[in-house]
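Undergrad: Input model_32.txt, format and content: compact mmCIF, C-alpha atoms.
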```txt
# COMPACT_ATOMS: atom_id res chain seq x y z
CA MET A 1 8.86 27.19 28.94
CA LEU A 2 10.10 29.37 26.08
CA ALA A 3 12.15 32.49 26.69
CA PHE A 4 12.98 34.99 23.95
CA THR A 5 15.29 37.98 23.87
CA GLN A 6 13.87 41.48 23.55
CA ALA A 7 15.34 41.68 20.04
CA GLU A 8 13.51 38.49 19.02
CA ILE A 9 10.25 39.72 20.54
CA ALA A 10 10.51 43.09 18.82
CA ALA A 11 11.33 41.57 15.43
CA THR A 12 8.49 39.04 15.70
CA THR A 13 6.03 41.73 16.72
CA ARG A 14 6.98 43.77 13.66
CA ALA A 15 6.95 40.83 11.24
CA SER A 16 4.05 38.78 12.62
CA GLY A 17 2.08 41.22 14.76
CA PRO A 18 -1.32 40.49 13.13
CA VAL A 19 -1.27 36.75 13.88
CA LEU A 20 0.02 37.35 17.42
CA ASN A 21 -2.72 39.91 18.08
CA LYS A 22 -5.41 37.73 16.54
CA HIS A 23 -4.69 34.94 19.00
CA ASN A 24 -3.56 37.09 21.96
CA ILE A 25 -0.16 35.40 22.03
CA ASP A 26 2.16 37.06 24.54
CA LEU A 27 5.76 36.10 23.76
CA GLU A 28 6.77 36.83 27.35
CA ASP A 29 4.00 34.93 29.12
CA PHE A 30 2.54 31.60 27.90
CA THR A 31 0.42 30.79 30.96
CA THR A 32 -2.80 31.97 29.29
CA LEU A 33 -1.99 29.96 26.19
CA ALA A 34 -1.42 26.81 28.25
CA ARG A 35 -4.94 27.02 29.69
CA LEU A 36 -6.67 27.04 26.31
CA PRO A 37 -8.79 24.04 25.24
CA TRP A 38 -7.65 21.60 22.56
CA SER A 39 -9.68 23.17 19.72
CA ASP A 40 -8.24 26.65 20.38
CA LEU A 41 -4.70 25.26 20.47
CA CYS A 42 -5.33 23.53 17.13
CA GLU A 43 -6.50 26.79 15.58
CA ARG A 44 -3.44 28.68 16.81
CA SER A 45 -1.09 25.93 15.66
CA ARG A 46 -2.64 25.94 12.21
CA ASP A 47 -2.38 29.72 11.82
CA LEU A 48 1.20 29.78 13.10
CA GLY A 49 2.04 27.11 10.54
CA ARG A 50 0.71 29.34 7.78
CA GLU A 51 2.63 32.28 9.21
CA ALA A 52 5.86 30.27 9.25
CA SER A 53 5.34 29.36 5.59
CA ARG A 54 4.84 33.05 4.75
CA LEU A 55 8.00 34.01 6.61
CA VAL A 56 10.02 31.33 4.78
CA GLY A 57 9.34 33.20 1.53
CA LYS A 58 10.56 36.48 3.02
CA VAL A 59 13.67 34.84 4.48
CA HIS A 60 14.64 33.27 1.14
CA ASP A 61 13.84 36.37 -0.90
CA ALA A 62 16.57 38.06 -2.92
CA ALA A 63 16.89 40.60 -0.09
CA PRO A 64 16.04 38.68 3.10
CA ASP A 65 13.95 40.57 5.64
CA ALA A 66 15.98 40.85 8.86
CA ASP A 67 12.89 40.83 11.07
CA ALA A 68 11.54 37.77 9.26
CA VAL A 69 14.76 35.83 9.94
CA LEU A 70 14.33 36.23 13.71
CA ALA A 71 10.54 35.95 13.62
CA LEU A 72 10.62 32.65 11.71
CA GLU A 73 12.55 30.90 14.46
CA VAL A 74 10.30 32.39 17.16
CA ILE A 75 7.10 31.36 15.35
CA ARG A 76 8.45 27.83 14.86
CA GLU A 77 9.29 27.49 18.54
CA VAL A 78 5.95 28.89 19.68
CA ARG A 79 4.14 26.46 17.40
CA ASP A 80 6.21 23.55 18.69
CA GLU A 81 5.35 24.62 22.25
CA ILE A 82 1.65 24.61 21.35
CA GLU A 83 2.01 21.13 19.89
CA ALA A 84 3.64 20.07 23.17
CA MET A 85 0.68 21.55 25.08
CA LYS A 86 -1.67 19.51 22.90
CA THR A 87 0.34 16.38 23.61
CA ARG A 88 0.23 17.01 27.35
CA GLN A 89 -3.55 17.45 27.15
CA ARG A 90 -3.84 14.16 25.25
CA THR A 91 -1.70 12.28 27.77
CA GLY A 92 -3.35 13.76 30.84
CA GLY A 93 -0.53 16.18 31.64
CA ALA A 94 2.45 13.90 31.01
CA ASP A 95 5.76 15.75 31.05
CA HIS A 96 7.20 14.06 27.99
CA VAL A 97 6.49 15.20 24.45
CA ALA A 98 6.14 12.61 21.72
CA MET A 99 8.83 12.83 19.05
CA ARG A 100 7.21 13.71 15.75
CA PRO A 101 9.17 12.64 12.65
CA ASN A 102 9.17 15.00 9.73
CA ALA A 103 9.59 13.87 6.14
CA ASP A 104 13.02 12.34 6.73
CA GLY A 105 12.00 10.67 9.98
CA VAL A 106 13.93 13.01 12.30
CA ALA A 107 12.06 14.98 14.95
CA ARG A 108 13.39 18.52 14.87
CA HIS A 109 12.49 22.14 14.19
CA GLU A 110 11.99 22.38 10.43
CA GLY A 111 10.73 25.28 8.35
CA TYR A 112 8.68 23.07 6.07
CA GLN A 113 7.26 21.05 8.99
CA ALA A 114 4.45 23.54 9.49
CA GLU A 115 3.23 23.12 5.92
CA GLU A 116 3.54 19.34 6.13
CA VAL A 117 1.42 19.15 9.27
CA SER A 118 -1.26 21.32 7.68
CA ILE A 119 -1.94 18.77 4.94
CA SER A 120 -1.39 15.45 6.70
CA LEU A 121 -2.18 13.64 9.91
CA ARG A 122 0.45 11.77 11.88
CA PRO A 123 -0.49 8.28 13.12
CA GLU A 124 -1.45 9.57 16.57
CA GLU A 125 -3.73 12.31 15.22
CA ARG A 126 -7.45 11.65 14.73
CA PHE A 127 -9.33 12.02 11.47
CA ALA A 128 -12.43 12.97 13.49
CA ASP A 129 -10.58 15.99 14.94
CA TRP A 130 -9.58 17.10 11.46
CA THR A 131 -13.18 16.75 10.26
CA ALA A 132 -14.51 18.83 13.13
CA ARG A 133 -11.91 21.55 12.47
CA ASN A 134 -12.62 21.66 8.75
CA GLY A 135 -16.35 22.07 8.51
CA GLY A 136 -17.68 18.59 9.28
CA ASN A 137 -20.93 18.36 11.22
CA SER A 138 -20.33 18.87 14.91
CA GLY A 139 -20.16 15.91 17.23
CA SER A 140 -22.57 17.80 19.52
CA ASP A 141 -25.27 17.45 16.86
CA PHE A 142 -25.21 13.68 17.37
CA ARG A 143 -24.06 13.43 20.98
CA GLY A 144 -24.60 9.92 22.29
CA LEU A 145 -25.19 8.42 18.83
CA THR A 146 -22.98 5.46 17.97
CA THR A 147 -22.47 3.78 14.63
CA GLY A 148 -24.03 0.61 16.02
CA ALA A 149 -27.13 2.51 17.11
CA MET A 150 -27.28 4.10 13.67
CA ILE A 151 -27.28 0.66 12.03
CA ARG A 152 -30.15 -0.52 14.23
CA ALA A 153 -32.06 2.72 13.68
CA ALA A 154 -31.70 2.38 9.91
CA ALA A 155 -33.06 -1.15 10.09
CA PHE A 156 -35.87 -0.77 12.65
CA GLY A 157 -36.53 2.96 12.93
CA ALA A 158 -35.24 5.81 15.08
CA LYS A 159 -35.83 5.87 18.84
CA THR A 160 -34.07 9.11 19.79
CA GLU A 161 -33.90 12.64 18.42
CA GLN A 162 -30.26 12.14 17.40
CA GLU A 163 -31.17 9.01 15.46
CA ARG A 164 -34.06 10.77 13.73
CA ARG A 165 -31.82 13.70 12.81
CA ALA A 166 -29.12 11.38 11.48
CA LEU A 167 -31.60 9.38 9.40
CA SER A 168 -33.15 12.51 7.92
CA GLU A 169 -29.73 13.86 6.91
CA GLY A 170 -28.55 10.55 5.52
CA THR A 171 -31.52 9.38 3.46
CA ASP A 172 -30.38 7.35 0.48
CA SER A 173 -32.39 7.31 -2.74
CA ALA A 174 -31.42 3.66 -3.19
CA GLY A 175 -33.40 2.63 -0.15
CA GLY A 176 -30.70 2.97 2.50
CA PHE A 177 -29.21 5.35 5.03
CA THR A 178 -25.73 6.79 5.38
CA VAL A 179 -24.04 7.62 8.67
CA PRO A 180 -23.28 11.31 9.45
CA THR A 181 -19.87 12.74 8.56
CA ILE A 182 -18.66 12.84 12.17
CA LEU A 183 -19.40 9.12 12.61
CA SER A 184 -17.82 8.35 9.25
CA ALA A 185 -14.63 10.07 10.42
CA GLN A 186 -14.68 7.96 13.58
CA ILE A 187 -14.99 4.83 11.42
CA ILE A 188 -11.94 5.94 9.44
CA ASP A 189 -10.06 6.32 12.73
CA ARG A 190 -11.03 2.74 13.64
CA LEU A 191 -9.75 1.59 10.27
CA ARG A 192 -6.51 3.55 10.70
CA ALA A 193 -5.98 2.00 14.13
CA GLN A 194 -6.04 -1.44 12.51
CA SER A 195 -3.75 -0.54 9.61
CA VAL A 196 -0.16 -1.76 9.84
CA LEU A 197 0.92 1.05 7.49
CA ILE A 198 -0.36 3.65 9.93
CA ARG A 199 1.40 1.89 12.82
CA ALA A 200 4.57 1.94 10.73
CA GLY A 201 4.38 5.73 10.51
CA ALA A 202 2.49 6.45 7.27
CA ARG A 203 0.80 9.84 7.19
CA THR A 204 -2.86 10.34 6.32
CA VAL A 205 -3.81 13.12 3.92
CA PRO A 206 -7.52 14.06 4.02
CA LEU A 207 -8.63 14.50 0.41
CA THR A 208 -11.29 16.98 -0.62
CA SER A 209 -11.28 16.57 -4.42
CA ASP A 210 -10.85 13.92 -7.11
CA THR A 211 -7.22 14.85 -7.83
CA ASN A 212 -4.87 16.24 -5.19
CA VAL A 213 -1.33 17.34 -6.03
CA ILE A 214 1.26 17.75 -3.28
CA ALA A 215 4.67 19.24 -3.90
CA LYS A 216 7.74 17.32 -2.81
CA LEU A 217 11.45 18.11 -2.82
CA SER A 218 13.02 15.48 -5.07
CA ALA A 219 16.58 16.84 -5.04
CA ASP A 220 18.25 19.06 -2.46
CA PRO A 221 20.13 22.23 -3.41
CA THR A 222 23.91 21.91 -3.26
CA PRO A 223 25.71 24.46 -1.08
CA ALA A 224 29.32 25.39 -1.85
CA TRP A 225 32.13 26.97 0.14
CA ARG A 226 33.06 30.48 -0.90
CA ALA A 227 35.89 32.93 -0.39
CA GLU A 228 35.33 36.27 1.26
CA SER A 229 33.37 38.63 -1.02
CA ALA A 230 33.08 35.89 -3.66
CA ALA A 231 29.80 35.18 -5.41
CA ILE A 232 27.42 32.68 -3.81
CA ALA A 233 26.95 29.54 -5.87
CA ILE A 234 23.46 29.11 -7.27
CA SER A 235 21.84 25.71 -6.88
CA ASP A 236 18.14 25.24 -7.42
CA PRO A 237 16.26 22.50 -5.59
CA THR A 238 14.25 20.14 -7.76
CA PHE A 239 10.57 19.88 -7.02
CA ALA A 240 8.18 17.20 -8.20
CA ALA A 241 4.52 16.48 -7.77
CA VAL A 242 2.91 13.70 -5.76
CA THR A 243 -0.58 13.05 -7.07
CA LEU A 244 -3.29 11.47 -4.96
CA ALA A 245 -6.37 10.42 -6.94
CA PRO A 246 -8.81 8.55 -4.67
CA LYS A 247 -9.87 5.11 -5.82
CA SER A 248 -12.89 3.15 -4.62
CA LEU A 249 -12.76 0.31 -2.11
CA ALA A 250 -16.04 -1.28 -1.07
CA VAL A 251 -17.59 -4.32 0.58
CA MET A 252 -21.16 -5.48 1.26
CA ILE A 253 -22.25 -7.76 4.10
CA LYS A 254 -25.69 -9.40 4.15
CA PHE A 255 -27.47 -10.47 7.36
CA SER A 256 -30.98 -11.24 8.56
CA ARG A 257 -33.29 -8.85 10.39
CA GLU A 258 -33.81 -11.47 13.07
CA LEU A 259 -30.09 -11.78 13.75
CA LEU A 260 -29.72 -8.02 14.13
CA ALA A 261 -32.79 -7.79 16.36
CA ASP A 262 -31.87 -10.71 18.62
CA SER A 263 -28.10 -10.22 18.85
CA VAL A 264 -26.71 -7.96 21.55
CA ASN A 265 -23.52 -7.13 19.65
CA LEU A 266 -24.03 -7.80 15.94
CA GLU A 267 -23.72 -4.14 14.94
CA ALA A 268 -20.40 -3.88 16.78
CA ALA A 269 -19.20 -7.13 15.19
CA LEU A 270 -20.23 -5.86 11.75
CA LEU A 271 -18.33 -2.62 12.23
CA GLN A 272 -15.25 -4.48 13.44
CA ALA A 273 -15.40 -6.87 10.50
CA VAL A 274 -15.80 -4.08 7.96
CA THR A 275 -13.02 -1.85 9.28
CA GLY A 276 -10.69 -4.81 9.82
CA ALA A 277 -11.20 -6.15 6.30
CA MET A 278 -10.81 -2.75 4.67
CA ALA A 279 -7.69 -1.97 6.72
CA LEU A 280 -6.19 -5.28 5.61
CA GLU A 281 -6.88 -4.53 1.95
CA LEU A 282 -5.60 -0.97 2.30
CA ASP A 283 -2.35 -2.39 3.73
CA ARG A 284 -2.07 -4.90 0.89
CA ALA A 285 -2.63 -2.22 -1.76
CA GLY A 286 -0.27 0.17 0.01
CA LEU A 287 2.49 -2.42 -0.05
CA PHE A 288 1.82 -4.46 -3.20
CA GLY A 289 -0.83 -2.63 -5.26
CA THR A 290 -0.17 -2.84 -8.99
CA ALA A 291 -2.02 0.33 -10.12
CA ALA A 292 -4.11 -1.99 -12.33
CA ASP A 293 -7.79 -2.87 -11.83
CA SER A 294 -8.52 0.51 -10.20
CA GLN A 295 -6.19 -0.07 -7.24
CA PRO A 296 -3.37 2.17 -5.97
CA ARG A 297 0.30 1.57 -6.73
CA GLY A 298 1.96 0.03 -3.69
CA VAL A 299 5.44 0.63 -2.34
CA VAL A 300 7.13 -2.41 -3.92
CA ASN A 301 5.88 -1.41 -7.38
CA VAL A 302 7.12 2.16 -7.18
CA SER A 303 10.04 2.84 -9.50
CA GLY A 304 13.31 3.70 -7.80
CA ILE A 305 12.96 1.99 -4.41
CA ASN A 306 15.86 -0.02 -3.00
CA ALA A 307 15.74 -3.77 -3.62
CA ILE A 308 17.57 -6.71 -2.07
CA ALA A 309 17.04 -10.20 -3.53
CA VAL A 310 17.52 -12.95 -0.97
CA ASN A 311 16.25 -15.90 -3.05
CA ALA A 312 16.86 -18.22 -0.13
CA LYS A 313 15.91 -18.86 3.48
CA LEU A 314 16.71 -16.04 5.88
CA THR A 315 19.02 -18.32 7.84
CA ALA A 316 21.00 -19.04 4.65
CA HIS A 317 21.99 -15.40 4.24
CA ALA A 318 25.71 -14.71 4.57
CA GLY A 319 25.03 -12.11 7.25
CA GLY A 320 22.75 -14.39 9.24
CA ALA A 321 18.97 -14.32 9.41
CA PHE A 322 18.95 -10.62 10.30
CA GLY A 323 21.43 -9.85 7.51
CA PRO A 324 18.78 -8.74 4.96
CA LEU A 325 17.31 -6.34 7.51
CA VAL A 326 20.76 -4.87 8.18
CA ALA A 327 21.30 -4.46 4.43
CA ALA A 328 17.89 -2.78 4.01
CA ARG A 329 18.63 -0.34 6.83
CA THR A 330 22.03 0.45 5.30
CA ALA A 331 20.38 1.16 1.95
CA LEU A 332 18.06 3.73 3.52
CA LEU A 333 20.85 5.41 5.47
CA THR A 334 23.04 5.54 2.35
CA ALA A 335 20.22 7.34 0.55
CA ASN A 336 19.96 9.86 3.44
CA ALA A 337 16.38 8.70 3.99
CA GLY A 338 16.72 8.33 7.75
CA GLU A 339 16.29 5.31 9.96
CA PRO A 340 13.60 2.79 8.99
CA THR A 341 10.48 3.28 11.08
CA ALA A 342 9.42 -0.35 10.59
CA PHE A 343 10.02 -3.69 8.93
CA ILE A 344 6.74 -5.12 7.61
CA MET A 345 6.62 -8.85 6.98
CA SER A 346 4.35 -11.87 6.96
CA PRO A 347 3.71 -13.81 10.18
CA ARG A 348 5.82 -16.60 8.67
CA GLU A 349 9.00 -14.52 8.54
CA ASP A 350 8.23 -12.96 11.90
CA GLY A 351 8.04 -16.48 13.32
CA THR A 352 11.39 -17.35 11.77
CA LEU A 353 13.16 -14.35 13.29
CA THR A 354 11.42 -14.66 16.65
CA GLY A 355 12.22 -18.35 16.94
CA LEU A 356 15.91 -18.22 16.02
CA ARG A 357 18.11 -20.50 18.14
CA SER A 358 21.86 -21.00 18.33
CA GLY A 359 23.51 -24.41 18.14
CA ASP A 360 23.08 -24.90 21.89
CA GLY A 361 19.40 -23.93 21.78
CA GLN A 362 19.77 -20.38 23.09
CA PRO A 363 17.71 -17.55 21.53
CA VAL A 364 19.44 -15.46 18.87
CA PHE A 365 18.70 -11.75 18.99
CA ALA A 366 19.16 -8.92 16.52
CA SER A 367 21.75 -6.22 17.08
CA PRO A 368 20.45 -3.29 19.17
CA LYS A 369 19.97 -0.98 16.18
CA ILE A 370 17.90 -3.56 14.30
CA ALA A 371 16.01 -4.62 17.44
CA SER A 372 14.99 -1.01 18.05
CA ILE A 373 13.10 -0.88 14.74
CA PRO A 374 9.49 -2.16 15.03
CA GLN A 375 8.95 -5.53 13.37
CA LEU A 376 5.32 -5.46 12.21
CA THR A 377 3.34 -8.34 10.76
CA THR A 378 0.31 -8.58 8.53
CA THR A 379 -1.33 -11.28 6.45
CA SER A 380 -1.46 -8.66 3.67
CA VAL A 381 2.09 -9.83 2.88
CA ALA A 382 1.76 -12.89 0.66
CA THR A 383 3.87 -16.03 1.07
CA ASN A 384 3.07 -17.62 -2.32
CA LEU A 385 5.23 -15.46 -4.58
CA GLY A 386 8.18 -16.36 -6.81
CA VAL A 387 8.89 -19.29 -9.09
CA GLY A 388 8.21 -21.81 -6.37
CA THR A 389 5.07 -19.95 -5.23
CA ASN A 390 6.45 -20.06 -1.68
CA GLU A 391 8.44 -16.82 -1.46
CA SER A 392 7.63 -13.65 0.49
CA THR A 393 8.78 -10.05 0.73
CA ILE A 394 9.87 -7.92 3.67
CA VAL A 395 9.33 -4.18 3.25
CA ALA A 396 11.65 -1.87 5.15
CA GLY A 397 11.04 1.83 5.10
CA ASN A 398 10.89 5.23 6.63
CA PHE A 399 7.10 5.21 6.39
CA ALA A 400 6.84 8.92 7.14
CA HIS A 401 7.40 9.15 3.38
CA LEU A 402 4.26 7.13 2.64
CA LEU A 403 1.05 9.11 2.15
CA ILE A 404 -2.39 7.55 2.46
CA GLY A 405 -4.91 9.87 0.90
CA MET A 406 -8.46 9.46 2.24
CA ARG A 407 -11.64 11.19 1.28
CA GLU A 408 -13.29 12.82 4.27
CA THR A 409 -16.35 10.56 4.31
CA LEU A 410 -16.31 6.79 4.54
CA ARG A 411 -19.77 5.85 3.31
CA LEU A 412 -21.50 3.27 5.50
CA SER A 413 -25.02 2.47 4.36
CA VAL A 414 -27.76 0.07 5.45
CA LEU A 415 -29.82 -1.23 2.52
CA ARG A 416 -33.35 -2.17 3.53
CA GLU A 417 -35.05 -2.76 0.18
CA ARG A 418 -32.60 -4.80 -1.87
CA TYR A 419 -33.24 -8.08 -0.02
CA ALA A 420 -36.70 -7.26 1.33
CA GLU A 421 -38.24 -10.41 -0.15
CA THR A 422 -36.01 -12.59 2.02
CA GLY A 423 -36.24 -10.43 5.12
CA GLU A 424 -32.54 -9.57 4.95
CA LEU A 425 -30.52 -6.38 5.22
CA ALA A 426 -27.18 -5.38 3.76
CA LEU A 427 -24.42 -3.19 5.16
CA VAL A 428 -22.32 -1.48 2.50
CA ALA A 429 -19.00 0.18 3.32
CA HIS A 430 -17.41 2.33 0.65
CA MET A 431 -14.36 4.54 0.83
CA ARG A 432 -12.06 6.30 -1.60
CA ALA A 433 -8.35 6.28 -0.97
CA ASP A 434 -5.00 6.39 -2.71
CA ILE A 435 -1.35 5.69 -1.89
CA ALA A 436 1.67 7.82 -2.80
CA VAL A 437 5.38 7.55 -2.04
CA GLU A 438 7.18 10.85 -1.45
CA HIS A 439 10.72 9.48 -1.58
CA PRO A 440 11.29 6.06 -3.23
CA LEU A 441 14.74 5.58 -1.70
CA ALA A 442 13.16 5.70 1.75
CA PHE A 443 11.94 2.13 1.11
CA CYS A 444 13.55 -1.21 0.45
CA ALA A 445 11.93 -4.44 -0.73
CA VAL A 446 13.66 -7.60 0.51
CA THR A 447 12.39 -10.16 -1.99
CA GLY A 448 12.64 -13.90 -2.54
CA VAL A 449 12.42 -14.89 1.12
CA LYS A 450 11.80 -18.63 1.20
CA PRO A 451 10.34 -20.70 4.06
CA GLU A 452 12.71 -22.36 6.50
CA ALA A 453 11.08 -25.77 6.28
```
Would you write the structure of this file as structure tokens?

TA:
Amino acid sequence: MLAFTQAEIAATTRASGPVLNKHNIDLEDFTTLARLPWSDLCERSRDLGREASRLVGKVHDAAPDADAVLALEVIREVRDEIEAMKTRQRTGGADHVAMRPNADGVARHEGYQAEEVSISLRPEERFADWTARNGGNSGSDFRGLTTGAMIRAAAFGAKTEQERRALSEGTDSAGGFTVPTILSAQIIDRLRAQSVLIRAGARTVPLTSDTNVIAKLSADPTPAWRAESAAIAISDPTFAAVTLAPKSLAVMIKFSRELLADSVNLEAALLQAVTGAMALELDRAGLFGTAADSQPRGVVNVSGINAIAVNAKLTAHAGGAFGPLVAARTALLTANAGEPTAFIMSPREDGTLTGLRSGDGQPVFASPKIASIPQLTTTSVATNLGVGTNESTIVAGNFAHLLIGMRETLRLSVLRERYAETGELALVAHMRADIAVEHPLAFCAVTGVKPEA
């Protein structure tokens, strides 16, 4: 539990008294805070994040506020303690606290962390929670209603009050029905759970407009040593803009009324198929999107990323089959981008590395530092690239620097009229998303990887 000095408490009370009073935060006793429910902890964490951002401005002013200097560190630590309380609630009271990487992949107290958390969701955070906190319809309004039940209700009529309410809110002028916002957010969470980019550490940014600009630090200020009483060197950080402009991704599945009526699990299978297919395409676009044909620009097509050309089998590399991965990790560390959070590759290359054998038939393993980095696979990584149409790419990166912008609502509609003459229905899934890279040198494309056979 936190413990602050009387000087820290006094300074924080003077500098941040309003936010402490608003949330009844006692800097000497956190027992009341620890008993609060999840939603109240989220509210306090969010407000403390805003307060920390305000204090940063006062600390870095021409004449730094002495109280703000002490208060900033206290507010950061209180907020981190609240995040730990949230984690313990999520894990049923587990003593450990999950390490949360900031923009450079290192879990630590960071002044800008509060602002980062306020605009993005880490992989373990739920989109549905964000929706509920930010004005989405309450889950209590549709308690007990599932997406599958909504699909059946749209096709055959409502049976419960929740279904009737959902259908009345989601009437579509095109002859269909759209699921409520809270269910749409849950669908996005299902999609995120199936996305390899999310598992690699990519952050989700809920988008609320057609164009969203996020500031990033593209060049650090340069400190300099100084003699006593000498002037302090001036070095301005360089800021740039990351723009997220959501683009449309959609799919339509047609099925018969009889199949939906007679099947005990078709609606669940439809939902799984839709979210799985859209997650796969989101991964492909996030890695290899060309920015043409209304798709996002993927990591490998972002200017300035690290690149290593293998142009051979992995086992033919001078450093051994794991040599390209070692080189990619070194490139990220050299760029001060932190440790890679994942290597993403095709199942073919994963099979090559997993099945390595020495001359006497014994398994060959990666060095501990490479083995500790998750090796993720997805069929979104093509194996028909290059001159011989048989090459693949391995993407290494600190994926905390990858932003996946998502509009709040994933539209899921059941069309009843379009195929009425054949007695069929259609399920349409439509979402708007975009991809942005905060720091190009946090990624490395290992290209020209040829098959072993």

Undergrad: With a distance cut-off of 9 Å and only C-alpha atoms, select the neighbouring residues of Ile253 in chain A, excluding the residue or stretch itself and same-chain residues fewer than 3 positions from it, and output the selection as a PyMOL selection string.

TA: chain A and resi 270+274+425-429

Undergrad: Kindly indicate which residue among A:Phe443, A:Tyr419, A:Trp225, A:Phe365 lies nearest to Arg329 in chain A, using only C-alpha atoms for the distances.

TA: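 Smallest distance to Arg329 in chain A is found for A:Phe443.
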
Undergrad: Restricting the calculation to all atoms listed in the file: of A:Gly201, A:Gly17, A:Gly286, A:Pro368, which residue gets closest to Ala71 in chain A?

TA: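 Going through A:Gly201, A:Gly17, A:Gly286, A:Pro368 one by one, the smallest distance to Ala71 in chain A is for A:Gly17.
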
Undergrad: Rank nothing, just name the residue among A:Asn301, A:Asn398, A:Thr31, A:Gln272 nearest to Ile344 in chain A, using only C-alpha atoms.

TA: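 Selected residue with least distance to Ile344 in chain A: A:Asn398.
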
Undergrad: Select, from A:Lys369, A:Lys247, A:Lys58, A:His317, the residue with the minimum atom-to-atom distance to Thr330 in chain A, counting only C-alpha atoms.

TA: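 Once distances to Thr330 in chain A are computed over only C-alpha atoms, the minimum belongs to A:Lys369.
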